[in-house]
Amino acid sequence: MTPRRFPLSEVLTVTTRWTLITPCSMLMATERVCAVLGHLTGQSIYLHQAPDIADACMAALFAQHPWLANLTLPDDRSDDVVMAWLAAAERTYGTEIELTPISDWQTRDPIEDAADMVGADKVWVVRPDKP
């Protein structure tokens, strides 16, 4: 269970559900959020799993860094205001924070999660190794 450092902006993107990773595309932001969640859980995170897994990881994040629970986005969500809020948080807490994986995480199957979300009849599993 090796700790790893992540940019505060990536961790706050998980806790606030607001993309604070700049400059980057939405795809890159998604990859970075999944990297944070993957480190915490020790499993590969598929995009459809990210919101539920983020919710499940929140208690562990707040236990590791209780001050994260107090960092809430400003009411004014304009880019300038949000980026100023992020800069103030980075001045106070640093630009990176260390995260330790969750020791008792139960791996979640991405196919089962998809079936739970939309119904098993709407999930197609394609296995290229099997005709």
# chains A, B, ... in the order shown; residues from 1 in each chain; ligands from 1
$ residues_around --residues "segment 90-92 of chain A" --least-positions-apart "2" --cutoff "12 Å" --atoms "only C-alpha atoms" --output "VMD selection string"
chain A and resid 7 to 12 20 67 to 68 71 83 to 88 94 to 97
$ write_last_selection --atoms "C-alpha atoms" --output "PDB file, in the first residue's frame"
ATOM      1  CA  PRO A   7      -1.943  17.262  -7.735  1.00  0.00           C
ATOM      2  CA  LEU A   8      -4.437  18.919  -5.405  1.00  0.00           C
ATOM      3  CA  SER A   9      -6.434  19.998  -8.461  1.00  0.00           C
ATOM      4  CA  GLU A  10      -6.998  16.346  -9.413  1.00  0.00           C
ATOM      5  CA  VAL A  11      -8.077  15.359  -5.905  1.00  0.00           C
ATOM      6  CA  LEU A  12     -10.422  18.355  -5.685  1.00  0.00           C
ATOM      7  CA  LEU A  20     -10.192  21.795 -11.939  1.00  0.00           C
ATOM      8  CA  TRP A  67      -9.420  19.624   5.538  1.00  0.00           C
ATOM      9  CA  LEU A  68     -10.623  18.400   2.119  1.00  0.00           C
ATOM     10  CA  LEU A  71     -13.012  22.885   0.636  1.00  0.00           C
ATOM     11  CA  MET A  83      -9.292  29.219 -10.439  1.00  0.00           C
ATOM     12  CA  ALA A  84      -8.605  31.886  -7.776  1.00  0.00           C
ATOM     13  CA  TRP A  85     -10.218  29.574  -5.192  1.00  0.00           C
ATOM     14  CA  LEU A  86      -8.006  26.691  -6.374  1.00  0.00           C
ATOM     15  CA  ALA A  87      -4.885  28.883  -6.236  1.00  0.00           C
ATOM     16  CA  ALA A  88      -5.732  29.897  -2.653  1.00  0.00           C
ATOM     17  CA  GLY A  94       0.324  22.733  -1.364  1.00  0.00           C
ATOM     18  CA  THR A  95       0.004  21.795  -5.003  1.00  0.00           C
ATOM     19  CA  GLU A  96       0.231  18.051  -4.285  1.00  0.00           C
ATOM     20  CA  ILE A  97      -1.057  15.772  -1.552  1.00  0.00           C
TER      21      ILE A  97
END
$ select_by_dssp --residues "segment 6-126 of chain A" --states "strand (DSSP E or B)" --output "VMD selection string"
chain A and resid 6 to 7 96 to 99
$ write_last_selection --atoms "N, CA, C and O atoms" --output "mmCIF file, in the first residue's frame"
data_model
loop_
_atom_site.group_PDB
_atom_site.id
_atom_site.type_symbol
_atom_site.label_atom_id
_atom_site.label_comp_id
_atom_site.auth_asym_id
_atom_site.auth_seq_id
_atom_site.Cartn_x
_atom_site.Cartn_y
_atom_site.Cartn_z
ATOM 1 N N PHE A 6 -0.465 13.247 -5.589
ATOM 2 C CA PHE A 6 -1.300 13.689 -6.703
ATOM 3 C C PHE A 6 -1.483 15.190 -6.619
ATOM 4 O O PHE A 6 -1.525 15.752 -5.519
ATOM 5 N N PRO A 7 -1.645 15.839 -7.763
ATOM 6 C CA PRO A 7 -1.943 17.262 -7.735
ATOM 7 C C PRO A 7 -3.249 17.523 -6.968
ATOM 8 O O PRO A 7 -4.226 16.784 -7.123
ATOM 9 N N GLU A 96 0.398 19.508 -4.250
ATOM 10 C CA GLU A 96 0.231 18.051 -4.285
ATOM 11 C C GLU A 96 -0.079 17.540 -2.889
ATOM 12 O O GLU A 96 0.355 18.135 -1.901
ATOM 13 N N ILE A 97 -0.816 16.436 -2.837
ATOM 14 C CA ILE A 97 -1.057 15.772 -1.552
ATOM 15 C C ILE A 97 -0.837 14.270 -1.724
ATOM 16 O O ILE A 97 -0.970 13.729 -2.818
ATOM 17 N N GLU A 98 -0.480 13.649 -0.643
ATOM 18 C CA GLU A 98 -0.195 12.213 -0.656
ATOM 19 C C GLU A 98 -1.472 11.433 -0.352
ATOM 20 O O GLU A 98 -2.194 11.749 0.592
ATOM 21 N N LEU A 99 -1.718 10.422 -1.158
ATOM 22 C CA LEU A 99 -2.875 9.555 -0.951
ATOM 23 C C LEU A 99 -2.403 8.120 -0.747
ATOM 24 O O LEU A 99 -1.533 7.632 -1.460
#
$ closest_residue --among "A:Gly42, A:Pro51, A:Pro3, A:Pro23" --to "Asp113 of chain A" --atoms "only C-alpha atoms"
A:Pro51
$ closest_residue --among "A:Ile102, A:Ile45, A:Ala89, A:Met1" --to "Leu61 of chain A" --atoms "only C-alpha atoms"
A:Ile102
$ residues_around --residues "Leu73 of chain A" --least-positions-apart "3" --cutoff "8 Å" --atoms "only C-alpha atoms" --output "list in words"
Thr16, Arg77, Val82 and Trp85 of chain A
$ write_last_selection --atoms "N, CA and C atoms" --output "CSV table (one decimal), in the first residue's frame"
chain,number,residue,atom,x,y,z
A,16,THR,N,-15.1,17.6,-5.5
A,16,THR,CA,-16.1,18.7,-5.8
A,16,THR,C,-16.9,18.3,-7.0
A,77,ARG,N,-19.3,30.2,-10.0
A,77,ARG,CA,-18.6,29.2,-10.6
A,77,ARG,C,-17.9,29.7,-11.9
A,82,VAL,N,-13.3,30.4,-9.7
A,82,VAL,CA,-12.9,29.0,-9.3
A,82,VAL,C,-11.4,28.8,-9.4
A,85,TRP,N,-9.9,30.4,-6.4
A,85,TRP,CA,-10.2,29.6,-5.2
A,85,TRP,C,-9.2,28.4,-5.1
